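These notes are about the structure you will find just below.
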Amino acid sequence: MSKLFRALIMGPPGSGKGTISGRITKFFDTTHLSTGDVLRNNIEKLTPLGIEAETYIRKGSLVPDDSMVKCILEEIKDIKGSFLLDGFPRTKTQAEKLWEVQKIDSVINLVVPYELIVERVKLRYVHMPSGRVYNLDYNPPKEPMKDDVTGELLIKRQDDDPDILTKRLKVYDNETIPVLEFYKTKGILNEFKGNTSNEIWAKLKPWLEEHMDLKEEE
Ligand code: AMP
């Protein structure tokens with residue numbers, strides 16, 4: 001019998017949600033949906049949501065709840081089976097709206113010290129179309145500044161600028177910590193601490209093996 005696992009991955013900006021999500025989808029049978037990636041794709045395609053979102057993202061602020069909720073509920077409606085939501089919800093309002101239409105089985109919260117995040121993000125580069133994340137220090141691409149899969153150029157996210165990152169971490173404290181409290185009261189919050197994604201993965205993988213189906217191929 002396949003296990004249905006509707007999960008969220010949470011953690012401050014730069015805590016490794018993208019990296020860890022990549023590993024989860026490599027080994028386990030689930031659909032990954034990153035709201036940051038959805039928004040960046042909308043920005044690139046100049047959709048009304050993308051045009052609205054861009055002004056907020058550039059400043060390190062959150063996109064308004066109404067637009068986010070509408071977009072994400074629309075996206076998850078079509079997902080059959082297990083999913084891993086990455087970057088949503090980020091406010092208590094979003095969490096409440098999501099809970100009304102879709103109960104969540106587990107929240108995976110990545111706990112990384114903020115001082116390390118600031119250092120790590122300085123060396124973070126992304127492949128925008130896929131959302132693959134690299135770190136020049138401990139997870140470099142095989143060829144300098146090129147995506148391992150497509151060979152396309154890696155870029156630095158504008159909102160990874162140190163001043164904007166500091167702002168995003170403050171927004172996280174104010175808006176997103178209450179979301180963790182919300183899930184704690186539901187009894188579904190699971191914390192995984194570490195200084196690096198490898199340290200976190202070493203604790204998370206055995207836990208996932210108990211809760212999720214492994215991918216069949218590979
Ligand atoms: P991320 O790639 O998850 O760090 O998201 C990048 C930016 O997109 C954030 O700093 C926000 O401006 C915006 N964003 C992503 N997810 C949400 C959300 N659930 N609510 C509001 N804004 C969001």
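To be explicit about the labels: the chains of the structure tokens are called A, B, and onward in the order shown, and within each one the residues are counted from 1, while ligands get numbers from 1 in the order they are shown.
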### Shell around stretch 150-160 of chain A at 6 Å using only C-alpha atoms, local window under 3 positions removed, as number ranges by chain
A: 58, 125-127, 145-147, 164-165
### Task
Could you pull out the residues in stretch 28-218 of chain A that DSSP calls helix (DSSP H, G or I) from the backbone, as a PyMOL selection string?
chain A and resi 35-44+48-59+65-77+92-101+114-122+158-160+162-186+197-211
Same residues, C-alpha atoms, saved as an mmCIF file, in the first residue's frame:
data_model
loop_
_atom_site.group_PDB
_atom_site.id
_atom_site.type_symbol
_atom_site.label_atom_id
_atom_site.label_comp_id
_atom_site.auth_asym_id
_atom_site.auth_seq_id
_atom_site.Cartn_x
_atom_site.Cartn_y
_atom_site.Cartn_z
ATOM 1 C CA THR A 35 6.506 28.735 -4.293
ATOM 2 C CA GLY A 36 9.688 30.733 -4.881
ATOM 3 C CA ASP A 37 10.215 28.825 -8.147
ATOM 4 C CA VAL A 38 6.556 29.268 -9.151
ATOM 5 C CA LEU A 39 6.853 33.022 -8.549
ATOM 6 C CA ARG A 40 10.191 33.334 -10.372
ATOM 7 C CA ASN A 41 8.709 31.493 -13.383
ATOM 8 C CA ASN A 42 5.757 33.886 -13.318
ATOM 9 C CA ILE A 43 8.150 36.836 -13.209
ATOM 10 C CA GLU A 44 10.037 35.522 -16.193
ATOM 11 C CA PRO A 48 -0.011 39.454 -13.748
ATOM 12 C CA LEU A 49 1.082 37.489 -10.648
ATOM 13 C CA GLY A 50 4.732 37.741 -11.700
ATOM 14 C CA ILE A 51 4.501 41.501 -12.247
ATOM 15 C CA GLU A 52 2.892 41.959 -8.809
ATOM 16 C CA ALA A 53 5.291 39.553 -7.053
ATOM 17 C CA GLU A 54 8.463 41.081 -8.476
ATOM 18 C CA THR A 55 8.109 44.348 -6.557
ATOM 19 C CA TYR A 56 7.796 42.491 -3.245
ATOM 20 C CA ILE A 57 10.508 39.909 -3.884
ATOM 21 C CA ARG A 58 12.997 42.597 -4.881
ATOM 22 C CA LYS A 59 12.550 44.286 -1.504
ATOM 23 C CA ASP A 65 -1.606 36.583 1.130
ATOM 24 C CA ASP A 66 -4.577 36.746 -1.251
ATOM 25 C CA SER A 67 -2.434 36.335 -4.372
ATOM 26 C CA MET A 68 -0.296 33.608 -2.793
ATOM 27 C CA VAL A 69 -3.211 31.580 -1.468
ATOM 28 C CA LYS A 70 -5.059 31.741 -4.791
ATOM 29 C CA CYS A 71 -1.975 30.681 -6.754
ATOM 30 C CA ILE A 72 -0.903 27.821 -4.482
ATOM 31 C CA LEU A 73 -4.348 26.325 -3.862
ATOM 32 C CA GLU A 74 -4.790 26.262 -7.620
ATOM 33 C CA GLU A 75 -1.434 24.431 -8.049
ATOM 34 C CA ILE A 76 -1.998 21.780 -5.355
ATOM 35 C CA LYS A 77 -5.530 20.995 -6.472
ATOM 36 C CA LYS A 92 -0.505 32.416 9.728
ATOM 37 C CA THR A 93 -3.290 33.522 7.364
ATOM 38 C CA GLN A 94 -1.841 31.337 4.597
ATOM 39 C CA ALA A 95 -1.554 28.397 7.023
ATOM 40 C CA GLU A 96 -5.171 28.738 8.117
ATOM 41 C CA LYS A 97 -6.451 29.005 4.547
ATOM 42 C CA LEU A 98 -4.441 25.958 3.496
ATOM 43 C CA TRP A 99 -5.680 23.925 6.479
ATOM 44 C CA GLU A 100 -9.308 24.687 5.504
ATOM 45 C CA VAL A 101 -8.919 22.959 2.159
ATOM 46 C CA TYR A 114 21.356 32.505 11.241
ATOM 47 C CA GLU A 115 25.101 33.412 11.306
ATOM 48 C CA LEU A 116 25.828 30.388 9.126
ATOM 49 C CA ILE A 117 22.984 31.201 6.766
ATOM 50 C CA VAL A 118 24.408 34.638 6.052
ATOM 51 C CA GLU A 119 27.810 33.104 5.213
ATOM 52 C CA ARG A 120 26.313 30.292 3.115
ATOM 53 C CA VAL A 121 24.090 32.553 1.042
ATOM 54 C CA LYS A 122 27.097 34.642 -0.031
ATOM 55 C CA GLN A 158 19.010 39.398 -6.480
ATOM 56 C CA ASP A 159 17.284 38.845 -3.146
ATOM 57 C CA ASP A 160 20.370 36.981 -1.845
ATOM 58 C CA PRO A 162 23.228 40.555 2.179
ATOM 59 C CA ASP A 163 20.993 43.550 3.064
ATOM 60 C CA ILE A 164 17.927 41.969 1.490
ATOM 61 C CA LEU A 165 18.714 38.646 3.137
ATOM 62 C CA THR A 166 18.833 40.338 6.555
ATOM 63 C CA LYS A 167 15.398 41.789 5.833
ATOM 64 C CA ARG A 168 14.078 38.358 4.737
ATOM 65 C CA LEU A 169 15.324 36.810 7.982
ATOM 66 C CA LYS A 170 13.460 39.500 9.967
ATOM 67 C CA VAL A 171 10.309 38.888 7.945
ATOM 68 C CA TYR A 172 10.748 35.180 8.687
ATOM 69 C CA ASP A 173 10.901 35.848 12.441
ATOM 70 C CA ASN A 174 7.841 38.068 12.393
ATOM 71 C CA GLU A 175 5.594 36.276 9.929
ATOM 72 C CA THR A 176 6.696 32.665 9.724
ATOM 73 C CA ILE A 177 7.566 31.704 13.310
ATOM 74 C CA PRO A 178 3.805 31.966 14.109
ATOM 75 C CA VAL A 179 3.208 29.403 11.340
ATOM 76 C CA LEU A 180 5.503 26.961 13.153
ATOM 77 C CA GLU A 181 3.505 27.573 16.347
ATOM 78 C CA PHE A 182 0.304 26.825 14.409
ATOM 79 C CA TYR A 183 1.631 23.417 13.314
ATOM 80 C CA LYS A 184 3.072 22.698 16.748
ATOM 81 C CA THR A 185 -0.400 22.967 18.252
ATOM 82 C CA LYS A 186 -1.611 20.526 15.583
ATOM 83 C CA SER A 197 22.443 20.218 4.572
ATOM 84 C CA ASN A 198 24.518 17.023 4.844
ATOM 85 C CA GLU A 199 24.158 17.025 8.625
ATOM 86 C CA ILE A 200 20.416 17.589 8.351
ATOM 87 C CA TRP A 201 20.027 14.953 5.646
ATOM 88 C CA ALA A 202 21.755 12.335 7.811
ATOM 89 C CA LYS A 203 18.967 12.786 10.394
ATOM 90 C CA LEU A 204 16.109 13.374 7.991
ATOM 91 C CA LYS A 205 16.590 10.472 5.575
ATOM 92 C CA PRO A 206 16.012 7.665 8.123
ATOM 93 C CA TRP A 207 12.954 9.536 9.402
ATOM 94 C CA LEU A 208 11.569 9.857 5.870
ATOM 95 C CA GLU A 209 12.126 6.155 5.242
ATOM 96 C CA GLU A 210 9.624 5.446 7.997
ATOM 97 C CA HIS A 211 7.020 7.800 6.569
#
### Task
Please provide as a list of chain:residue names all residues within 12 Å of A:Lys3, with the sequence filter that same-chain residues fewer than 5 positions apart are discarded (counting only C-alpha atoms).
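Once the adjacent positions are removed, what remains is A:Phe28, A:Asp29, A:Thr30, A:Gly81, A:Ser82, A:Phe83, A:Asp105, A:Leu208, A:Glu209, A:Glu210, A:His211, A:Met212, A:Asp213, A:Leu214, A:Lys215.
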Let me see the file: selected residues, C-alpha atoms, as a PDB file, in the first residue's frame.
ATOM      1  CA  PHE A  28      11.144   9.404  -2.470  1.00  0.00           C
ATOM      2  CA  ASP A  29       7.902   9.354  -4.377  1.00  0.00           C
ATOM      3  CA  THR A  30       6.435  12.841  -4.018  1.00  0.00           C
ATOM      4  CA  GLY A  81      -0.801  11.594  -4.138  1.00  0.00           C
ATOM      5  CA  SER A  82       1.998  12.816  -1.914  1.00  0.00           C
ATOM      6  CA  PHE A  83       3.396  16.313  -2.098  1.00  0.00           C
ATOM      7  CA  ASP A 105       0.406  15.169   7.565  1.00  0.00           C
ATOM      8  CA  LEU A 208      11.569   9.857   5.870  1.00  0.00           C
ATOM      9  CA  GLU A 209      12.126   6.155   5.242  1.00  0.00           C
ATOM     10  CA  GLU A 210       9.624   5.446   7.997  1.00  0.00           C
ATOM     11  CA  HIS A 211       7.020   7.800   6.569  1.00  0.00           C
ATOM     12  CA  MET A 212       7.385   7.835   2.795  1.00  0.00           C
ATOM     13  CA  ASP A 213       7.553   5.469  -0.144  1.00  0.00           C
ATOM     14  CA  LEU A 214      10.948   5.123  -1.791  1.00  0.00           C
ATOM     15  CA  LYS A 215      11.077   5.829  -5.501  1.00  0.00           C
TER      16      LYS A 215
END
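Minimum distance to ligand 1 across A:Asp161, A:Asp78, A:Asp86, A:Glu191 (counting only C-alpha atoms and all ligand atoms) occurs at A:Asp86.
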### Query
For the atom pair atom CA of A:Val107 and atom CA of A:Met10, what is the interatomic distance in Å to one decimal place?
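One can read the atom CA of A:Val107 to atom CA of A:Met10 distance as 7.1 Å.
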### Every residue of stretch 106-162 of chain A that DSSP places in strand (DSSP E or B), as a ChimeraX atom specification
/A:106-111,124-127,132-135,139,146,153,155
Close residues, A:Asp148 itself excluded, 12 Å, only C-alpha atoms, min 6 positions apart in chain, as a PDB file with all heavy atoms, in the first residue's frame:
ATOM      1  N   VAL A 126      22.152  29.759  -8.267  1.00  0.00           N
ATOM      2  CA  VAL A 126      21.029  28.896  -8.667  1.00  0.00           C
ATOM      3  C   VAL A 126      20.928  28.762 -10.184  1.00  0.00           C
ATOM      4  O   VAL A 126      21.371  29.631 -10.942  1.00  0.00           O
ATOM      5  CB  VAL A 126      19.673  29.442  -8.144  1.00  0.00           C
ATOM      6  CG1 VAL A 126      19.587  29.366  -6.644  1.00  0.00           C
ATOM      7  CG2 VAL A 126      19.412  30.859  -8.619  1.00  0.00           C
ATOM      8  N   HIS A 127      20.315  27.623 -10.574  1.00  0.00           N
ATOM      9  CA  HIS A 127      19.910  27.466 -11.965  1.00  0.00           C
ATOM     10  C   HIS A 127      18.432  27.804 -11.990  1.00  0.00           C
ATOM     11  O   HIS A 127      17.596  27.038 -11.497  1.00  0.00           O
ATOM     12  CB  HIS A 127      20.146  26.013 -12.428  1.00  0.00           C
ATOM     13  CG  HIS A 127      19.670  25.776 -13.824  1.00  0.00           C
ATOM     14  ND1 HIS A 127      18.646  24.895 -14.127  1.00  0.00           N
ATOM     15  CD2 HIS A 127      20.071  26.324 -15.007  1.00  0.00           C
ATOM     16  CE1 HIS A 127      18.439  24.909 -15.432  1.00  0.00           C
ATOM     17  NE2 HIS A 127      19.294  25.752 -15.981  1.00  0.00           N
ATOM     18  N   SER A 130      15.283  25.465 -13.288  1.00  0.00           N
ATOM     19  CA  SER A 130      14.957  24.233 -12.545  1.00  0.00           C
ATOM     20  C   SER A 130      14.872  24.477 -11.046  1.00  0.00           C
ATOM     21  O   SER A 130      14.307  23.664 -10.319  1.00  0.00           O
ATOM     22  CB  SER A 130      16.055  23.186 -12.777  1.00  0.00           C
ATOM     23  OG  SER A 130      17.258  23.620 -12.158  1.00  0.00           O
ATOM     24  N   ARG A 132      17.515  24.385  -9.216  1.00  0.00           N
ATOM     25  CA  ARG A 132      18.643  23.686  -8.568  1.00  0.00           C
ATOM     26  C   ARG A 132      19.584  24.697  -7.916  1.00  0.00           C
ATOM     27  O   ARG A 132      19.869  25.747  -8.487  1.00  0.00           O
ATOM     28  CB  ARG A 132      19.420  22.840  -9.593  1.00  0.00           C
ATOM     29  CG  ARG A 132      18.806  21.460  -9.823  1.00  0.00           C
ATOM     30  CD  ARG A 132      19.661  20.611 -10.756  1.00  0.00           C
ATOM     31  NE  ARG A 132      19.570  21.065 -12.142  1.00  0.00           N
ATOM     32  CZ  ARG A 132      18.585  20.739 -12.981  1.00  0.00           C
ATOM     33  NH1 ARG A 132      17.622  19.945 -12.592  1.00  0.00           N
ATOM     34  NH2 ARG A 132      18.564  21.196 -14.224  1.00  0.00           N
ATOM     35  N   VAL A 133      20.030  24.317  -6.709  1.00  0.00           N
ATOM     36  CA  VAL A 133      20.820  25.252  -5.910  1.00  0.00           C
ATOM     37  C   VAL A 133      22.239  24.703  -5.728  1.00  0.00           C
ATOM     38  O   VAL A 133      22.418  23.502  -5.486  1.00  0.00           O
ATOM     39  CB  VAL A 133      20.197  25.410  -4.502  1.00  0.00           C
ATOM     40  CG1 VAL A 133      20.914  26.508  -3.726  1.00  0.00           C
ATOM     41  CG2 VAL A 133      18.714  25.708  -4.592  1.00  0.00           C
ATOM     42  N   TYR A 134      23.223  25.567  -5.834  1.00  0.00           N
ATOM     43  CA  TYR A 134      24.624  25.159  -5.634  1.00  0.00           C
ATOM     44  C   TYR A 134      25.252  26.069  -4.589  1.00  0.00           C
ATOM     45  O   TYR A 134      24.844  27.206  -4.410  1.00  0.00           O
ATOM     46  CB  TYR A 134      25.420  25.294  -6.936  1.00  0.00           C
ATOM     47  CG  TYR A 134      24.903  24.407  -8.043  1.00  0.00           C
ATOM     48  CD1 TYR A 134      23.854  24.814  -8.863  1.00  0.00           C
ATOM     49  CD2 TYR A 134      25.446  23.138  -8.244  1.00  0.00           C
ATOM     50  CE1 TYR A 134      23.360  23.989  -9.864  1.00  0.00           C
ATOM     51  CE2 TYR A 134      24.963  22.303  -9.254  1.00  0.00           C
ATOM     52  CZ  TYR A 134      23.917  22.737 -10.049  1.00  0.00           C
ATOM     53  OH  TYR A 134      23.444  21.917 -11.025  1.00  0.00           O
ATOM     54  N   ASN A 139      28.969  22.534  -2.136  1.00  0.00           N
ATOM     55  CA  ASN A 139      28.180  21.791  -3.127  1.00  0.00           C
ATOM     56  C   ASN A 139      28.361  22.450  -4.490  1.00  0.00           C
ATOM     57  O   ASN A 139      27.417  22.931  -5.100  1.00  0.00           O
ATOM     58  CB  ASN A 139      26.694  21.819  -2.673  1.00  0.00           C
ATOM     59  CG  ASN A 139      25.786  21.174  -3.676  1.00  0.00           C
ATOM     60  OD1 ASN A 139      26.167  20.224  -4.354  1.00  0.00           O
ATOM     61  ND2 ASN A 139      24.570  21.703  -3.791  1.00  0.00           N
ATOM     62  N   PRO A 140      29.621  22.516  -4.985  1.00  0.00           N
ATOM     63  CA  PRO A 140      29.879  23.269  -6.211  1.00  0.00           C
ATOM     64  C   PRO A 140      29.381  22.517  -7.449  1.00  0.00           C
ATOM     65  O   PRO A 140      29.268  21.282  -7.424  1.00  0.00           O
ATOM     66  CB  PRO A 140      31.416  23.374  -6.234  1.00  0.00           C
ATOM     67  CG  PRO A 140      31.884  22.196  -5.458  1.00  0.00           C
ATOM     68  CD  PRO A 140      30.816  21.861  -4.458  1.00  0.00           C
ATOM     69  N   PRO A 141      29.098  23.258  -8.541  1.00  0.00           N
ATOM     70  CA  PRO A 141      28.743  22.571  -9.788  1.00  0.00           C
ATOM     71  C   PRO A 141      29.973  21.839 -10.326  1.00  0.00           C
ATOM     72  O   PRO A 141      31.109  22.192  -9.985  1.00  0.00           O
ATOM     73  CB  PRO A 141      28.336  23.730 -10.705  1.00  0.00           C
ATOM     74  CG  PRO A 141      29.018  24.930 -10.149  1.00  0.00           C
ATOM     75  CD  PRO A 141      29.157  24.711  -8.672  1.00  0.00           C
ATOM     76  N   LYS A 142      29.739  20.819 -11.192  1.00  0.00           N
ATOM     77  CA  LYS A 142      30.885  20.057 -11.726  1.00  0.00           C
ATOM     78  C   LYS A 142      31.782  20.966 -12.560  1.00  0.00           C
ATOM     79  O   LYS A 142      32.991  20.887 -12.506  1.00  0.00           O
ATOM     80  CB  LYS A 142      30.375  18.887 -12.561  1.00  0.00           C
ATOM     81  CG  LYS A 142      29.715  17.828 -11.688  1.00  0.00           C
ATOM     82  CD  LYS A 142      29.282  16.608 -12.483  1.00  0.00           C
ATOM     83  CE  LYS A 142      28.507  15.672 -11.580  1.00  0.00           C
ATOM     84  NZ  LYS A 142      27.240  15.229 -12.166  1.00  0.00           N
ATOM     85  N   LEU A 154      24.746  29.512 -14.208  1.00  0.00           N
ATOM     86  CA  LEU A 154      24.155  29.741 -12.890  1.00  0.00           C
ATOM     87  C   LEU A 154      24.137  31.242 -12.621  1.00  0.00           C
ATOM     88  O   LEU A 154      24.986  31.966 -13.135  1.00  0.00           O
ATOM     89  CB  LEU A 154      24.982  29.052 -11.804  1.00  0.00           C
ATOM     90  CG  LEU A 154      25.171  27.548 -11.978  1.00  0.00           C
ATOM     91  CD1 LEU A 154      26.019  26.988 -10.842  1.00  0.00           C
ATOM     92  CD2 LEU A 154      23.824  26.833 -12.044  1.00  0.00           C
TER      93      LEU A 154
END
### Message
Just the number, please: distance in Å from atom CA of A:Leu136 to atom CA of A:Arg124, one decimal.
### Response
6.6 Å
